[in-house]
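Text of target_28.txt (compact mmCIF, C-alpha atoms) as supplied:
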# COMPACT_ATOMS: atom_id res chain seq x y z
CA MET V 8 102.93 42.34 79.82
CA VAL V 9 101.95 40.26 82.82
CA GLU V 10 99.35 37.65 81.90
CA ALA V 11 95.93 38.56 83.29
CA VAL V 12 95.06 36.08 86.02
CA PRO V 13 91.61 36.60 87.55
CA SER V 14 91.51 37.07 91.31
CA ARG V 15 89.07 34.48 92.65
CA THR V 16 88.20 36.62 95.65
CA ALA V 17 87.58 39.70 93.48
CA LEU V 18 85.39 37.62 91.19
CA GLY V 19 83.43 36.25 94.15
CA VAL V 20 82.76 39.78 95.41
CA ALA V 21 81.58 40.88 91.97
CA LEU V 22 79.27 37.87 91.63
CA ARG V 23 77.68 38.53 95.02
CA ARG V 24 77.23 42.19 94.17
CA ALA V 25 75.47 41.14 90.96
CA VAL V 26 73.26 38.65 92.84
CA HIS V 27 72.17 41.50 95.13
CA GLN V 28 70.88 43.44 92.13
CA LEU V 29 68.86 40.45 90.91
CA CYS V 30 67.31 38.87 93.97
CA ASP V 31 67.29 41.19 97.01
CA MET V 32 64.51 43.68 97.60
CA PRO V 33 64.82 46.41 98.58
CA ILE V 34 68.28 46.88 97.16
CA VAL V 35 70.76 48.27 99.66
CA PHE V 36 73.50 49.06 97.16
CA HIS V 37 72.36 50.03 93.66
CA ASP V 38 74.93 48.99 91.08
CA PRO V 39 73.59 48.93 87.51
CA VAL V 40 77.02 47.99 86.14
CA ALA V 41 77.49 44.87 88.30
CA VAL V 42 75.63 42.41 86.06
CA PRO V 43 76.68 43.83 82.65
CA MET V 44 80.35 43.83 83.66
CA LEU V 45 80.35 40.06 84.22
CA GLY V 46 78.78 39.52 80.79
CA SER V 47 78.29 36.15 79.17
CA HIS V 48 81.80 35.07 80.20
CA TYR V 49 80.67 34.55 83.80
CA ALA V 50 76.98 33.80 83.18
CA ASP V 51 77.28 30.22 84.43
CA SER V 52 79.06 31.38 87.59
CA LEU V 53 76.38 33.99 88.22
CA ASN V 54 73.64 31.40 87.81
CA ALA V 55 75.39 29.13 90.31
CA TYR V 56 75.57 31.96 92.84
CA LEU V 57 71.90 32.75 92.24
CA ASP V 58 70.99 29.12 92.93
CA GLY V 59 72.56 29.38 96.39
CA ALA V 60 71.55 32.95 97.12
CA GLY V 61 69.11 32.03 99.89
CA GLU V 62 71.56 30.00 101.97
CA PRO V 63 72.36 31.62 105.35
CA PHE V 64 76.12 31.89 104.72
CA ALA V 65 75.55 33.37 101.26
CA MET V 66 73.11 35.94 102.60
CA GLY V 67 75.39 36.98 105.44
CA MET V 68 78.41 37.30 103.17
CA ARG V 69 76.41 39.21 100.56
CA ALA V 70 75.09 41.58 103.21
CA HIS V 71 78.61 42.40 104.38
CA LEU V 72 79.86 43.02 100.85
CA VAL V 73 77.02 45.31 99.78
CA ALA V 74 77.03 47.14 103.11
CA ARG V 75 80.72 47.95 102.89
CA SER V 76 80.34 49.32 99.34
CA ARG V 77 77.32 51.36 100.38
CA TYR V 78 79.16 52.65 103.46
CA ALA V 79 82.20 53.67 101.40
CA GLU V 80 80.08 55.54 98.85
CA ASP V 81 77.97 57.18 101.56
CA ASN V 82 81.17 58.54 103.10
CA LEU V 83 82.48 59.51 99.67
CA ARG V 84 79.35 61.60 99.12
CA GLY V 85 80.09 63.54 102.31
CA ALA V 86 83.68 64.04 101.21
CA VAL V 87 82.64 65.37 97.79
CA GLU V 88 80.16 67.73 99.44
CA SER V 89 83.09 69.03 101.52
CA GLY V 90 85.14 69.72 98.39
CA VAL V 91 87.16 66.53 97.87
CA SER V 92 87.80 65.94 94.17
CA GLN V 93 89.98 62.80 94.22
CA TYR V 94 88.81 59.25 94.98
CA VAL V 95 91.33 56.42 95.25
CA LEU V 96 90.21 52.78 95.17
CA LEU V 97 92.96 50.69 96.73
CA GLY V 98 92.68 47.10 95.57
CA ALA V 99 89.88 48.10 93.20
CA GLY V 100 89.19 44.60 91.90
CA LEU V 101 85.95 44.66 89.90
CA ASP V 102 84.55 47.71 91.68
CA THR V 103 82.21 49.62 89.36
CA PHE V 104 82.05 53.10 90.88
CA ALA V 105 84.16 54.76 88.18
CA TYR V 106 81.72 53.61 85.45
CA ARG V 107 78.67 55.14 87.17
CA ASN V 108 80.36 58.13 88.86
CA PRO V 109 77.69 60.79 89.49
CA TYR V 110 80.18 63.55 90.38
CA PRO V 111 81.51 65.39 87.29
CA GLN V 112 84.31 67.03 89.28
CA LEU V 113 85.57 63.80 90.89
CA ARG V 114 88.69 62.16 89.51
CA VAL V 115 88.96 58.42 90.24
CA PHE V 116 92.16 56.41 90.58
CA GLU V 117 91.87 52.62 90.51
CA VAL V 118 94.92 51.06 92.16
CA ASP V 119 95.51 47.34 91.77
CA HIS V 120 97.98 44.69 90.67
CA PRO V 121 98.73 44.99 86.92
CA ALA V 122 97.38 41.50 86.18
CA THR V 123 94.09 42.22 87.94
CA GLN V 124 93.68 45.48 86.07
CA GLN V 125 94.37 43.82 82.72
CA TRP V 126 91.71 41.19 83.47
CA LYS V 127 89.22 43.89 84.46
CA ARG V 128 89.84 45.90 81.32
CA GLU V 129 89.31 42.79 79.20
CA LEU V 130 85.95 42.23 80.93
CA LEU V 131 84.94 45.86 80.34
CA ALA V 132 85.88 45.64 76.66
CA ARG V 133 83.92 42.39 76.18
CA SER V 134 80.89 43.95 77.87
CA GLY V 135 81.07 47.20 75.90
CA ILE V 136 81.46 49.36 79.02
CA ALA V 137 83.27 52.59 78.22
CA ILE V 138 86.20 53.82 80.31
CA PRO V 139 85.36 57.38 81.45
CA GLU V 140 87.83 60.23 81.11
CA SER V 141 87.59 60.83 84.86
CA LEU V 142 89.21 57.43 85.57
CA THR V 143 92.93 56.79 85.81
CA TYR V 144 94.17 53.22 86.11
CA THR V 145 97.16 53.01 88.45
CA PRO V 146 98.76 49.57 88.29
CA VAL V 147 100.92 48.91 91.33
CA ASN V 148 102.83 45.77 92.23
CA PHE V 149 103.11 46.39 95.97
CA GLU V 150 106.05 43.98 96.25
CA THR V 151 108.24 46.09 93.97
CA GLN V 152 106.62 49.54 93.61
CA SER V 153 105.72 52.48 95.83
CA LEU V 154 102.04 53.45 96.13
CA ALA V 155 102.98 57.10 96.65
CA ALA V 156 105.31 57.19 93.65
CA GLU V 157 102.91 55.43 91.29
CA LEU V 158 99.91 57.56 92.30
CA THR V 159 101.95 60.73 91.85
CA ALA V 160 103.13 59.56 88.43
CA ALA V 161 99.48 58.92 87.51
CA GLY V 162 98.56 62.53 88.28
CA PHE V 163 97.34 62.25 91.87
CA ASP V 164 97.64 65.64 93.61
CA ARG V 165 99.18 65.11 97.05
CA GLN V 166 98.52 68.74 97.96
CA ALA V 167 94.75 68.30 97.67
CA PRO V 168 92.52 66.20 99.96
CA ALA V 169 91.39 62.81 98.74
CA TYR V 170 89.08 60.05 99.81
CA PHE V 171 90.23 56.42 99.80
CA ALA V 172 88.26 53.17 99.67
CA TRP V 173 90.19 50.11 100.80
CA LEU V 174 87.65 47.32 100.71
CA GLY V 175 88.31 43.61 101.12
CA VAL V 176 92.06 44.12 101.35
CA VAL V 177 93.23 44.44 104.97
CA PRO V 178 92.94 40.74 105.98
CA TYR V 179 95.30 39.76 103.14
CA LEU V 180 98.08 42.19 104.12
CA THR V 181 101.13 41.94 106.31
CA LEU V 182 101.16 44.31 109.29
CA ASN V 183 103.98 46.29 107.69
CA ALA V 184 102.06 46.74 104.43
CA PHE V 185 98.98 47.84 106.38
CA ARG V 186 100.94 50.40 108.38
CA THR V 187 102.71 51.76 105.31
CA THR V 188 99.40 52.39 103.54
CA VAL V 189 97.76 53.91 106.64
CA ALA V 190 100.74 56.25 107.03
CA PHE V 191 100.43 57.33 103.40
CA ILE V 192 96.72 58.13 103.76
CA ALA V 193 97.28 59.90 107.09
CA ALA V 194 99.89 62.10 105.41
CA GLN V 195 97.32 63.54 102.99
CA PRO V 196 95.92 67.05 103.58
CA VAL V 197 93.24 67.76 106.16
CA GLY V 198 89.85 66.78 104.79
CA SER V 199 91.11 63.44 103.47
CA GLY V 200 89.60 60.18 104.67
CA VAL V 201 89.38 56.44 104.19
CA THR V 202 86.84 53.63 104.46
CA PHE V 203 88.00 50.08 104.98
CA ASP V 204 86.77 46.83 106.46
CA TYR V 205 88.65 44.49 108.74
CA GLY V 206 88.10 41.25 110.64
CA GLN V 207 88.52 40.45 114.31
CA PRO V 208 90.98 37.75 115.43
CA ARG V 209 89.72 34.19 115.60
CA ALA V 210 90.40 33.98 119.33
CA VAL V 211 87.78 36.64 120.20
CA LEU V 212 85.01 35.02 118.16
CA PRO V 213 82.36 32.66 119.58
CA PRO V 214 82.92 28.94 118.79
CA ARG V 215 80.42 28.78 115.89
CA GLU V 216 81.99 31.83 114.28
CA GLN V 217 85.44 30.29 114.69
CA ILE V 218 84.24 27.30 112.67
CA ALA V 219 82.85 29.61 109.96
CA ARG V 220 86.12 31.58 109.91
CA ASP V 221 88.14 28.40 109.54
CA ALA V 222 86.03 27.32 106.57
CA LEU V 223 86.36 30.70 104.87
CA ALA V 224 90.09 30.86 105.59
CA SER V 225 90.52 27.45 103.99
CA ARG V 226 88.73 28.59 100.83
CA VAL V 227 90.78 31.75 100.36
CA GLN V 228 93.96 29.84 101.18
CA SER V 229 93.16 27.35 98.43
CA ALA V 230 92.58 30.29 96.07
CA GLY V 231 96.12 31.47 96.78
CA GLU V 232 94.99 34.56 98.70
CA PRO V 233 95.38 33.63 102.39
CA PHE V 234 94.22 35.67 105.37
CA GLN V 235 97.07 37.21 107.37
CA LEU V 236 95.92 40.19 109.43
CA PHE V 237 93.18 40.76 112.01
CA PHE V 238 92.51 43.40 114.66
CA THR V 239 90.27 44.02 117.63
CA PRO V 240 88.58 47.46 117.68
CA GLY V 241 91.05 48.57 120.34
CA GLU V 242 94.01 47.42 118.28
CA ILE V 243 92.77 49.12 115.11
CA ALA V 244 92.16 52.38 117.00
CA ALA V 245 95.79 52.35 118.11
CA GLU V 246 96.87 52.12 114.47
CA LEU V 247 94.95 55.29 113.53
CA SER V 248 96.80 57.91 115.55
CA GLY V 249 97.41 59.95 112.40
CA PHE V 250 93.66 60.61 111.98
CA SER V 251 91.57 63.10 113.92
CA LYS V 252 88.49 60.89 114.24
CA HIS V 253 87.10 57.55 113.18
CA GLU V 254 83.88 55.53 113.22
CA ASP V 255 84.00 51.76 113.73
CA LEU V 256 80.81 49.78 113.12
CA GLY V 257 80.01 46.18 114.04
CA ALA V 258 77.20 43.98 112.76
CA THR V 259 74.57 45.44 115.10
CA GLU V 260 75.20 49.00 113.94
CA VAL V 261 75.50 48.08 110.26
CA ASN V 262 72.30 46.02 110.33
CA ALA V 263 70.43 48.87 112.01
CA ARG V 264 71.68 51.32 109.38
CA TYR V 265 71.20 49.28 106.21
CA PHE V 266 69.08 46.17 106.85
CA ALA V 267 66.38 47.22 109.33
CA GLU V 268 62.74 46.20 108.83
CA ARG V 269 63.37 43.90 105.87
CA SER V 270 60.97 41.09 105.03
CA ASP V 271 63.79 38.81 103.90
CA ARG V 272 66.72 37.53 105.98
CA LEU V 273 69.42 39.69 104.40
CA ALA V 274 71.64 40.87 107.25
CA ILE V 275 75.19 40.58 108.50
CA ARG V 276 75.70 37.56 110.72
CA GLY V 277 78.33 37.22 113.40
CA SER V 278 80.79 39.64 114.96
CA SER V 279 83.92 39.16 112.86
CA GLY V 280 83.61 41.75 110.09
CA ARG V 281 83.64 45.47 110.89
CA LEU V 282 83.44 48.69 108.83
CA LEU V 283 85.58 51.70 109.60
CA CYS V 284 85.82 55.27 108.38
CA ALA V 285 88.67 57.59 109.44
CA TRP V 286 89.21 61.28 108.70
CA ARG V 287 92.13 63.67 108.72
When written as structure tokens, how does the structure in this file appear?
Amino acid sequence: MVEAVPSRTALGVALRRAVHQLCDMPIVFHDPVAVPMLGSHYADSLNAYLDGAGEPFAMGMRAHLVARSRYAEDNLRGAVESGVSQYVLLGAGLDTFAYRNPYPQLRVFEVDHPATQQWKRELLARSGIAIPESLTYTPVNFETQSLAAELTAAGFDRQAPAYFAWLGVVPYLTLNAFRTTVAFIAAQPVGSGVTFDYGQPRAVLPPREQIARDALASRVQSAGEPFQLFFTPGEIAAELSGFSKHEDLGATEVNARYFAERSDRLAIRGSSGRLLCAWR
């Protein structure tokens, strides 16, 4: 068995999601599993994140992370109401949806690297969080295994529509890996869809945002998970020819939808990160 090595970026996302439950009001993305999943093992890390929760960078990053999860689950709700009964989390990390799934008929597939999934399952066991029968873990090493083959082996029905969440993954991919996954999702039956987030290229950002990007890129590089892939909205639209429609939201639209009329300063800052939903 591959030794479980925690993903530092996945842990950072989980910590920020937990901070949102503890210090932001009103809550944009309700996640009652976020804090319990981290447990005592990451209590010191959570306290450190709480200490810096009011810093502008921390608030902007937290806003993006909770907005993208909320956006994905808002779109999932529409898919379920239209009859979709399969939900696939690509690069699931420490996502908690499967452990608070409100849809009895919805089967969830968590796709991630085997080491990341082992680490997650250890955290769940330590925290006493049960694994629901509706969840199927689908370990995939994308360097050596096929997403389509492994999902099919796990019981995924390729003849039935499905909804996919692909959060916090695209910037770390090669262009070929991105296109292969998009082609797989676009080959699913009509009624299928996907939510993902992506970042714009450094060259199109204002100077202050370029500096912030460089700092973030340095941190993820040092964590062994470097950025590789960025798109403009026009470029991403050209990659989605296999879908019948899509919605692409920037900071202005996301803030208006999820962070309007707040008394705190929680909001997305800058123009780099965008949220996208595409449908077959």
Near V:Asp81, counting all atoms listed in the file, which residues have an atom at most 12 Å away, once you skip same-chain residues fewer than 5 positions from it, shown as a PyMOL selection string? chain V and resi 35-36+74-76+86-88+170+172+201-202+264-265+284
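You will find atom CA of V:Pro109 at 26.6 Å from atom CA of V:Ala267.
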Residues near stretch 130-146 of chain V, anyone? I mean within 6 Å using all atoms listed in the file, not counting same-chain ones fewer than 4 positions away, as a list of chain:residue names. V:Met44, V:Gly46, V:Arg114, V:Val115, V:Phe116, V:Glu117, V:Val118, V:Asp119, V:His120, V:Pro121
For the atom pair atom CA of V:Gln235 and atom CA of V:Thr181, what is the interatomic distance in Å to one decimal place?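 Value for the atom CA of V:Gln235-atom CA of V:Thr181 distance: 6.3 Å.
Comparing V:Gly100, V:Gly67, V:Pro233, V:Gly85 by their smallest distance to V:Ala274, the closest is V:Gly67 (using all atoms listed in the file).
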Go through V:Arg226, V:Gly249, V:Thr188, V:Leu45 one by one, measure the shortest atom-to-atom distance of each to V:Ser153 using all atoms listed in the file, and give the residue with the smallest value.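 Once distances to V:Ser153 are computed over all atoms listed in the file, the minimum belongs to V:Thr188.
With distances restricted to only C-alpha atoms, V:Asp31 is the closest residue to V:Leu57 from V:Asp255, V:Asp102, V:Glu80, V:Asp31.
Restricting the calculation to only C-alpha atoms, the smallest distance between V:Tyr106 and any of V:Gly90, V:Gly257, V:Gly200, V:Pro43 is found for V:Pro43.
Closest approach to V:Leu236 among V:Gln207, V:Asn262, V:Gln166, V:Thr159 is made by V:Gln207 (distances from all atoms listed in the file).
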If we count all atoms listed in the file, what is near V:Arg69 at a cut-off of 9 Å, once residues fewer than 3 positions away on the same chain are taken out, given as a ChimeraX atom specification? /V:20,23-24,26-27,60,64-66,72-74,273-275
Could you give me, as a VMD selection string, the residues that have an atom at most 9 Å away from the point (85.7, 45.7, 110.6) in the coordinates of the file, using only C-alpha atoms? chain V and resid 203 to 207 238 to 240 255 to 258 278 to 283
Find the residue from V:Phe104, V:Phe185, V:Phe266, V:Tyr110 that sits nearest to V:Met32; use all atoms listed in the file when measuring. V:Phe266
Would you pick out the contacts of V:Val227 at 9 Å or less, using all atoms listed in the file, so that residues sharing its chain but fewer than 6 positions from it are not included, and give the list as a ChimeraX atom specification? /V:15-16,233-234
In Å, with one decimal, what is the gap from atom CA of V:Glu62 to atom CA of V:Gln228?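 It comes out at 22.4 Å.
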At a cut-off of 10 Å, using all atoms listed in the file, what residues contact V:Phe250? Leave out same-chain residues fewer than 6 positions from it and give the result as a ChimeraX atom specification. /V:189-190,192-194,197,199-201,244,285-287
